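Peer 1: Sharing a structure, written as C-alpha cells. Questions coming.
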Amino acid sequence: MSLADLPDLTPNRITREEMLTSLSDDIVNLSTQKGYGAADIKKALEGLDIQVSEKAIAEILKNNAGKTTRSRKPSRSTSNSNSGAQPSQETKVS
C-alpha cells in the first residue's frame, strides 16, 4: 500500500483554532474558579494528549478577562447621591 492510497482524514479533523475555541470556557473556568495558571492548564492538557502552547492559553485568558459574569456594585456617587442631604425648604414668593 502506498502513501497516496491512504484515506483523507481532513474532514474528521478540526483546526487548532476550533479546538481552542471549544476548550476556551473550560480553560477560563480552570483559571478563574480553580486558580490554575496558564502553565498548569498546559500541563493538564498535555496529560490529555492535547498540545497547546502556554502563550495560546494565556491569550484565551487575556481575551476573556473582561467578560466576567460577576455583578458590579453600584457606585456610591450614583446610588447614594442624596443620602445625606436634607429636602429643600424652598418657599414660593408671590
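By convention here, the chains of the C-alpha cells are called A, B, ... in the order presented, each chain's residues are numbered starting at 1, and ligands are numbered starting at 1 in the order presented.
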Please list as a PyMOL selection string every residue within 9 Å of Ser24 (chain A), counting only C-alpha atoms and excluding residues in the same chain fewer than 2 positions away.
Peer 2: chain A and resi 19-22+26-29+57+60-61+64
Peer 1: For the residues in the current selection, export C-alpha atoms as a JSON list (two decimals), in the first residue's frame.
Peer 2:
[["chain", "number", "residue", "atom", "x", "y", "z"],
["A", 19, "MET", "CA", -10.08, 23.18, 19.27],
["A", 20, "LEU", "CA", -9.08, 26.19, 21.36],
["A", 21, "THR", "CA", -12.50, 27.77, 20.89],
["A", 22, "SER", "CA", -14.22, 24.61, 22.07],
["A", 26, "ASP", "CA", -13.12, 25.15, 30.38],
["A", 27, "ILE", "CA", -9.77, 26.95, 30.29],
["A", 28, "VAL", "CA", -11.30, 30.15, 31.68],
["A", 29, "ASN", "CA", -13.14, 28.20, 34.39],
["A", 57, "ILE", "CA", -3.70, 29.60, 26.77],
["A", 60, "ILE", "CA", -7.52, 32.92, 25.80],
["A", 61, "LEU", "CA", -7.39, 34.05, 29.42],
["A", 64, "ASN", "CA", -11.85, 36.58, 28.42]]
